[in-house]
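Okay, query00.tsv is below, TSV, N, CA and C atoms:
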chain	number	residue	atom	x	y	z
J	1	MET	N	99.91	112.87	95.53
J	1	MET	CA	100.93	111.87	95.30
J	1	MET	C	101.66	112.17	93.99
J	2	GLU	N	102.94	112.24	94.05
J	2	GLU	CA	103.78	112.53	92.89
J	2	GLU	C	104.05	111.24	92.12
J	3	ASN	N	103.88	111.28	90.79
J	3	ASN	CA	104.20	110.13	89.95
J	3	ASN	C	105.65	110.23	89.50
J	4	ILE	N	106.37	109.11	89.61
J	4	ILE	CA	107.73	109.10	89.07
J	4	ILE	C	107.77	108.42	87.71
J	5	LEU	N	106.66	107.75	87.37
J	5	LEU	CA	106.55	107.08	86.08
J	5	LEU	C	105.08	107.03	85.70
J	6	GLU	N	104.79	107.37	84.45
J	6	GLU	CA	103.44	107.27	83.93
J	6	GLU	C	103.55	106.85	82.47
J	7	VAL	N	102.93	105.74	82.13
J	7	VAL	CA	103.02	105.20	80.76
J	7	VAL	C	101.65	104.74	80.29
J	8	ILE	N	101.53	104.60	78.99
J	8	ILE	CA	100.39	103.92	78.38
J	8	ILE	C	100.88	102.53	78.03
J	9	ASP	N	100.23	101.52	78.59
J	9	ASP	CA	100.72	100.14	78.41
J	9	ASP	C	100.32	99.57	77.06
J	10	LYS	N	100.70	98.33	76.84
J	10	LYS	CA	100.44	97.64	75.59
J	10	LYS	C	98.94	97.57	75.27
J	11	THR	N	98.10	97.56	76.30
J	11	THR	CA	96.65	97.47	76.11
J	11	THR	C	95.99	98.85	76.08
J	12	LYS	N	96.81	99.90	75.97
J	12	LYS	CA	96.35	101.30	75.86
J	12	LYS	C	95.74	101.85	77.15
J	13	ARG	N	96.16	101.30	78.29
J	13	ARG	CA	95.70	101.83	79.58
J	13	ARG	C	96.83	102.58	80.25
J	14	ARG	N	96.46	103.59	81.01
J	14	ARG	CA	97.45	104.40	81.72
J	14	ARG	C	97.83	103.70	83.02
J	15	ILE	N	99.15	103.64	83.25
J	15	ILE	CA	99.69	103.04	84.48
J	15	ILE	C	100.65	104.04	85.11
J	16	ARG	N	100.53	104.18	86.43
J	16	ARG	CA	101.38	105.11	87.17
J	16	ARG	C	102.15	104.38	88.27
J	17	LEU	N	103.34	104.89	88.51
J	17	LEU	CA	104.14	104.47	89.65
J	17	LEU	C	104.36	105.71	90.49
J	18	THR	N	103.82	105.70	91.70
J	18	THR	CA	103.93	106.87	92.57
J	18	THR	C	105.25	106.83	93.33
J	19	GLU	N	105.66	108.00	93.75
J	19	GLU	CA	106.88	108.12	94.55
J	19	GLU	C	106.76	107.29	95.83
J	20	LYS	N	105.61	107.34	96.48
J	20	LYS	CA	105.38	106.60	97.72
J	20	LYS	C	105.52	105.09	97.48
J	21	GLN	N	104.92	104.59	96.42
J	21	GLN	CA	104.99	103.15	96.14
J	21	GLN	C	106.41	102.75	95.74
J	22	TRP	N	107.12	103.61	95.01
J	22	TRP	CA	108.51	103.32	94.64
J	22	TRP	C	109.38	103.19	95.89
J	23	ARG	N	109.18	104.05	96.86
J	23	ARG	CA	109.94	103.95	98.12
J	23	ARG	C	109.62	102.61	98.81
J	24	HIS	N	108.36	102.21	98.79
J	24	HIS	CA	107.96	100.94	99.40
J	24	HIS	C	108.63	99.76	98.66
J	25	ILE	N	108.62	99.80	97.34
J	25	ILE	CA	109.25	98.74	96.54
J	25	ILE	C	110.75	98.69	96.81
J	26	MET	N	111.39	99.85	96.89
J	26	MET	CA	112.84	99.90	97.12
J	26	MET	C	113.23	99.34	98.48
J	27	LYS	N	112.37	99.47	99.48
J	27	LYS	CA	112.66	98.89	100.79
J	27	LYS	C	112.74	97.37	100.71
J	28	LYS	N	111.85	96.79	99.92
J	28	LYS	CA	111.81	95.32	99.77
J	28	LYS	C	112.81	94.81	98.75
J	29	HIS	N	113.05	95.60	97.70
J	29	HIS	CA	113.90	95.17	96.58
J	29	HIS	C	114.90	96.26	96.19
J	30	PRO	N	115.88	96.54	97.06
J	30	PRO	CA	116.84	97.62	96.77
J	30	PRO	C	117.67	97.38	95.52
J	31	SER	N	117.73	96.15	95.04
J	31	SER	CA	118.50	95.85	93.83
J	31	SER	C	117.85	96.45	92.58
J	32	LEU	N	116.63	96.98	92.69
J	32	LEU	CA	115.95	97.59	91.55
J	32	LEU	C	116.37	99.04	91.30
J	33	THR	N	117.26	99.56	92.12
J	33	THR	CA	117.76	100.92	91.91
J	33	THR	C	118.30	101.03	90.49
J	34	GLY	N	117.86	102.04	89.77
J	34	GLY	CA	118.33	102.25	88.41
J	34	GLY	C	117.57	101.49	87.34
J	35	TYR	N	116.46	100.85	87.69
J	35	TYR	CA	115.71	100.04	86.73
J	35	TYR	C	114.39	100.67	86.30
J	36	LEU	N	114.20	101.96	86.46
J	36	LEU	CA	112.95	102.60	86.05
J	36	LEU	C	112.70	102.46	84.54
J	37	LYS	N	113.74	102.58	83.74
J	37	LYS	CA	113.59	102.43	82.29
J	37	LYS	C	113.10	101.02	81.94
J	38	GLU	N	113.61	100.02	82.64
J	38	GLU	CA	113.20	98.64	82.39
J	38	GLU	C	111.75	98.40	82.83
J	39	ILE	N	111.34	99.05	83.91
J	39	ILE	CA	109.94	98.94	84.35
J	39	ILE	C	109.03	99.54	83.28
J	40	GLU	N	109.40	100.70	82.78
J	40	GLU	CA	108.62	101.34	81.72
J	40	GLU	C	108.54	100.43	80.49
J	41	GLU	N	109.67	99.85	80.10
J	41	GLU	CA	109.71	98.96	78.94
J	41	GLU	C	108.84	97.72	79.17
J	42	THR	N	108.85	97.20	80.38
J	42	THR	CA	108.04	96.03	80.71
J	42	THR	C	106.55	96.33	80.55
J	43	LEU	N	106.14	97.52	80.95
J	43	LEU	CA	104.73	97.90	80.84
J	43	LEU	C	104.32	98.19	79.39
J	44	LYS	N	105.21	98.82	78.63
J	44	LYS	CA	104.90	99.16	77.25
J	44	LYS	C	105.00	97.97	76.30
J	45	TYR	N	106.01	97.13	76.52
J	45	TYR	CA	106.31	96.03	75.59
J	45	TYR	C	106.52	94.71	76.35
J	46	PRO	N	105.55	94.24	77.10
J	46	PRO	CA	105.74	93.02	77.87
J	46	PRO	C	105.85	91.79	76.97
J	47	ASP	N	106.58	90.80	77.44
J	47	ASP	CA	106.61	89.51	76.75
J	47	ASP	C	105.30	88.77	76.99
J	48	LYS	N	104.72	89.00	78.17
J	48	LYS	CA	103.48	88.34	78.53
J	48	LYS	C	102.77	89.13	79.62
J	49	ILE	N	101.44	89.11	79.58
J	49	ILE	CA	100.61	89.69	80.63
J	49	ILE	C	99.69	88.58	81.12
J	50	THR	N	99.66	88.37	82.42
J	50	THR	CA	98.77	87.34	82.98
J	50	THR	C	97.88	87.96	84.04
J	51	SER	N	96.80	87.25	84.34
J	51	SER	CA	95.86	87.68	85.38
J	51	SER	C	96.17	86.99	86.68
J	52	TYR	N	95.87	87.66	87.75
J	52	TYR	CA	96.01	87.08	89.08
J	52	TYR	C	94.69	86.41	89.42
J	53	SER	N	94.73	85.17	89.81
J	53	SER	CA	93.51	84.38	89.96
J	53	SER	C	92.54	84.89	91.02
J	54	ASN	N	93.01	85.52	92.08
J	54	ASN	CA	92.13	85.96	93.16
J	54	ASN	C	91.60	87.38	93.00
J	55	ASP	N	92.17	88.16	92.12
J	55	ASP	CA	91.75	89.55	91.96
J	55	ASP	C	91.72	89.89	90.47
J	56	VAL	N	90.52	90.12	89.95
J	56	VAL	CA	90.37	90.40	88.52
J	56	VAL	C	90.98	91.74	88.12
J	57	ASN	N	91.32	92.58	89.08
J	57	ASN	CA	91.88	93.90	88.79
J	57	ASN	C	93.41	93.92	88.80
J	58	VAL	N	94.04	92.78	88.99
J	58	VAL	CA	95.51	92.71	89.06
J	58	VAL	C	96.05	92.00	87.82
J	59	ARG	N	97.10	92.58	87.24
J	59	ARG	CA	97.78	91.99	86.08
J	59	ARG	C	99.28	91.89	86.36
J	60	TYR	N	99.87	90.81	85.85
J	60	TYR	CA	101.30	90.60	85.96
J	60	TYR	C	101.92	90.83	84.58
J	61	TYR	N	102.87	91.76	84.50
J	61	TYR	CA	103.58	92.08	83.26
J	61	TYR	C	105.00	91.50	83.37
J	62	TYR	N	105.38	90.71	82.37
J	62	TYR	CA	106.70	90.07	82.36
J	62	TYR	C	107.51	90.56	81.17
J	63	LYS	N	108.79	90.78	81.41
J	63	LYS	CA	109.71	91.15	80.31
J	63	LYS	C	111.07	90.54	80.59
J	64	HIS	N	111.63	89.89	79.58
J	64	HIS	CA	112.94	89.26	79.69
J	64	HIS	C	114.04	90.28	79.42
J	65	PHE	N	115.05	90.29	80.29
J	65	PHE	CA	116.22	91.16	80.11
J	65	PHE	C	117.47	90.28	80.18
J	66	LYS	N	118.14	90.12	79.05
J	66	LYS	CA	119.29	89.23	79.00
J	66	LYS	C	120.52	89.79	79.69
J	67	ASN	N	120.54	91.10	79.99
J	67	ASN	CA	121.70	91.69	80.66
J	67	ASN	C	121.69	91.46	82.17
J	68	VAL	N	120.67	90.81	82.69
J	68	VAL	CA	120.58	90.51	84.12
J	68	VAL	C	121.10	89.08	84.32
J	69	LYS	N	122.02	88.90	85.27
J	69	LYS	CA	122.68	87.60	85.43
J	69	LYS	C	121.74	86.50	85.93
J	70	LEU	N	121.06	86.75	87.01
J	70	LEU	CA	120.11	85.79	87.56
J	70	LEU	C	118.71	86.38	87.49
J	71	ASN	N	117.71	85.53	87.53
J	71	ASN	CA	116.33	86.00	87.54
J	71	ASN	C	116.10	87.04	86.44
J	72	LYS	N	116.11	86.60	85.22
J	72	LYS	CA	116.15	87.48	84.06
J	72	LYS	C	114.83	88.15	83.68
J	73	TYR	N	113.73	87.74	84.28
J	73	TYR	CA	112.44	88.35	83.95
J	73	TYR	C	112.10	89.42	84.99
J	74	LEU	N	111.73	90.58	84.48
J	74	LEU	CA	111.24	91.62	85.38
J	74	LEU	C	109.73	91.46	85.46
J	75	LEU	N	109.23	91.26	86.65
J	75	LEU	CA	107.80	91.14	86.90
J	75	LEU	C	107.32	92.45	87.49
J	76	THR	N	106.37	93.08	86.82
J	76	THR	CA	105.76	94.31	87.30
J	76	THR	C	104.29	94.02	87.53
J	77	ILE	N	103.83	94.20	88.76
J	77	ILE	CA	102.46	93.88	89.12
J	77	ILE	C	101.66	95.18	89.19
J	78	VAL	N	100.52	95.19	88.50
J	78	VAL	CA	99.69	96.39	88.37
J	78	VAL	C	98.29	96.09	88.87
J	79	LYS	N	97.74	97.03	89.61
J	79	LYS	CA	96.34	96.94	90.04
J	79	LYS	C	95.58	98.07	89.36
J	80	TYR	N	94.43	97.73	88.79
J	80	TYR	CA	93.57	98.70	88.12
J	80	TYR	C	92.44	99.12	89.04
J	81	LEU	N	92.29	100.43	89.22
J	81	LEU	CA	91.22	101.01	90.01
J	81	LEU	C	90.58	102.13	89.20
J	82	ASN	N	89.29	102.04	88.97
J	82	ASN	CA	88.56	103.08	88.23
J	82	ASN	C	89.20	103.39	86.88
J	83	GLY	N	89.68	102.36	86.20
J	83	GLY	CA	90.25	102.53	84.87
J	83	GLY	C	91.72	102.90	84.83
J	84	ASP	N	92.31	103.28	85.96
J	84	ASP	CA	93.73	103.62	86.00
J	84	ASP	C	94.51	102.48	86.64
J	85	GLY	N	95.74	102.27	86.12
J	85	GLY	CA	96.61	101.24	86.67
J	85	GLY	C	97.67	101.84	87.57
J	86	PHE	N	97.97	101.13	88.64
J	86	PHE	CA	98.99	101.55	89.59
J	86	PHE	C	99.95	100.39	89.84
J	87	VAL	N	101.25	100.65	89.73
J	87	VAL	CA	102.25	99.62	90.02
J	87	VAL	C	102.20	99.37	91.52
J	88	ILE	N	102.04	98.08	91.88
J	88	ILE	CA	102.03	97.75	93.30
J	88	ILE	C	103.27	96.99	93.74
J	89	SER	N	103.96	96.34	92.78
J	89	SER	CA	105.22	95.68	93.12
J	89	SER	C	106.02	95.42	91.86
J	90	VAL	N	107.33	95.28	92.04
J	90	VAL	CA	108.26	94.99	90.94
J	90	VAL	C	109.40	94.17	91.51
J	91	TYR	N	109.78	93.10	90.80
J	91	TYR	CA	110.96	92.35	91.20
J	91	TYR	C	111.36	91.41	90.06
J	92	PHE	N	112.58	90.89	90.12
J	92	PHE	CA	113.08	89.95	89.13
J	92	PHE	C	112.76	88.52	89.54
J	93	ILE	N	112.42	87.71	88.54
J	93	ILE	CA	112.16	86.28	88.75
J	93	ILE	C	112.90	85.50	87.67
J	94	ASN	N	112.99	84.18	87.84
J	94	ASN	CA	113.75	83.39	86.86
J	94	ASN	C	112.90	82.80	85.73
J	95	LYS	N	111.55	82.79	85.87
J	95	LYS	CA	110.71	82.29	84.79
J	95	LYS	C	109.29	82.86	84.93
J	96	ILE	N	108.59	82.85	83.80
J	96	ILE	CA	107.20	83.32	83.80
J	96	ILE	C	106.32	82.26	84.41
J	97	LYS	N	105.43	82.68	85.29
J	97	LYS	CA	104.52	81.73	85.94
J	97	LYS	C	103.17	81.70	85.27

Here is the file; what I need is its structure written in the form of structure tokens.
Amino acid sequence: MENILEVIDKTKRRIRLTEKQWRHIMKKHPSLTGYLKEIEETLKYPDKITSYSNDVNVRYYYKHFKNVKLNKYLLTIVKYLNGDGFVISVYFINKIK
């Protein structure tokens, strides 16, 4: 699997976005075309990181972007497996949950 993005996040863990997962995300959220830099920024410098209540291995990374007209927060969802993080979804929302 080819990685199109690999970063060390704010908590010093490695997170990857694979080409396959990016294609899957783009099918659901085509408006994210051109937002790879913002995804990287969200993972490196999030405004907030929260846990998903049903899965201890999932984290939600939020970052506010004022240049986006609606739904100004980029939510990047990461799942950790064996110490590595993998982006499983990305989309814009209007507030942090």

From the list J:Leu74, J:Ile15, J:Leu5, J:Ile88, the nearest residue to Thr42 in chain J using all atoms listed in the file is J:Leu74

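Within chain J, DSSP applied to the backbone places the following residues in alpha helix (DSSP H): Glu19, Lys20, Gln21, Trp22, Arg23, His24, Ile25, Met26, Lys27, Lys28, Leu36, Lys37, Glu38, Ile39, Glu40, Glu41, Thr42, Leu43 and Lys44 of chain J.
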
Who sits within 8 Å of Thr76 in chain J, only N, CA and C atoms, same chain under 6 positions skipped, as a tab-separated table (two decimals) with N, CA and C atoms, in the frame of the given file:
chain	number	residue	atom	x	y	z
J	39	ILE	N	111.34	99.05	83.91
J	39	ILE	CA	109.94	98.94	84.35
J	39	ILE	C	109.03	99.54	83.28
J	42	THR	N	108.85	97.20	80.38
J	42	THR	CA	108.04	96.03	80.71
J	42	THR	C	106.55	96.33	80.55
J	43	LEU	N	106.14	97.52	80.95
J	43	LEU	CA	104.73	97.90	80.84
J	43	LEU	C	104.32	98.19	79.39
J	59	ARG	N	97.10	92.58	87.24
J	59	ARG	CA	97.78	91.99	86.08
J	59	ARG	C	99.28	91.89	86.36
J	60	TYR	N	99.87	90.81	85.85
J	60	TYR	CA	101.30	90.60	85.96
J	60	TYR	C	101.92	90.83	84.58
J	61	TYR	N	102.87	91.76	84.50
J	61	TYR	CA	103.58	92.08	83.26
J	61	TYR	C	105.00	91.50	83.37
J	62	TYR	N	105.38	90.71	82.37
J	62	TYR	CA	106.70	90.07	82.36
J	62	TYR	C	107.51	90.56	81.17
J	63	LYS	N	108.79	90.78	81.41
J	63	LYS	CA	109.71	91.15	80.31
J	63	LYS	C	111.07	90.54	80.59
J	87	VAL	N	101.25	100.65	89.73
J	87	VAL	CA	102.25	99.62	90.02
J	87	VAL	C	102.20	99.37	91.52
J	88	ILE	N	102.04	98.08	91.88
J	88	ILE	CA	102.03	97.75	93.30
J	88	ILE	C	103.27	96.99	93.74
J	89	SER	N	103.96	96.34	92.78
J	89	SER	CA	105.22	95.68	93.12
J	89	SER	C	106.02	95.42	91.86
J	90	VAL	N	107.33	95.28	92.04
J	90	VAL	CA	108.26	94.99	90.94
J	90	VAL	C	109.40	94.17	91.51
J	91	TYR	N	109.78	93.10	90.80
J	91	TYR	CA	110.96	92.35	91.20
J	91	TYR	C	111.36	91.41	90.06
J	92	PHE	N	112.58	90.89	90.12
J	92	PHE	CA	113.08	89.95	89.13
J	92	PHE	C	112.76	88.52	89.54

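The space between CA of Thr33 in chain J and CA of Ile93 in chain J spans 16.0 Å.
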
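Atom N of Glu41 in chain J lies 17.3 Å from CA of Met26 in chain J.
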
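Pairwise distance (atom N of Gly85 in chain J, atom N of Arg14 in chain J) equals 5.3 Å.
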
Using only N, CA and C atoms, the shortest atom-to-atom distance to Asn57 in chain J among J:Lys37, J:Lys79, J:Lys44, J:Arg16 belongs to J:Lys79

Write down as an MDAnalysis selection string the residues belonging to range 33-97 of chain J that are assigned strand (DSSP E) by DSSP computed on the backbone. chainID J and resid 48:52 55:64 73:81 84:93

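By all atoms listed in the file, and with residues fewer than 2 positions from Ile4 in chain J along its chain excluded, the set lying at most 6.5 Å from it is Glu2, Glu6, Arg16, Leu17, Thr18 and Glu19 of chain J.
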
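Closest to Lys12 in chain J among J:Lys27, J:Tyr52, J:His64, J:Tyr45 is J:Tyr45, based on only C-alpha atoms.
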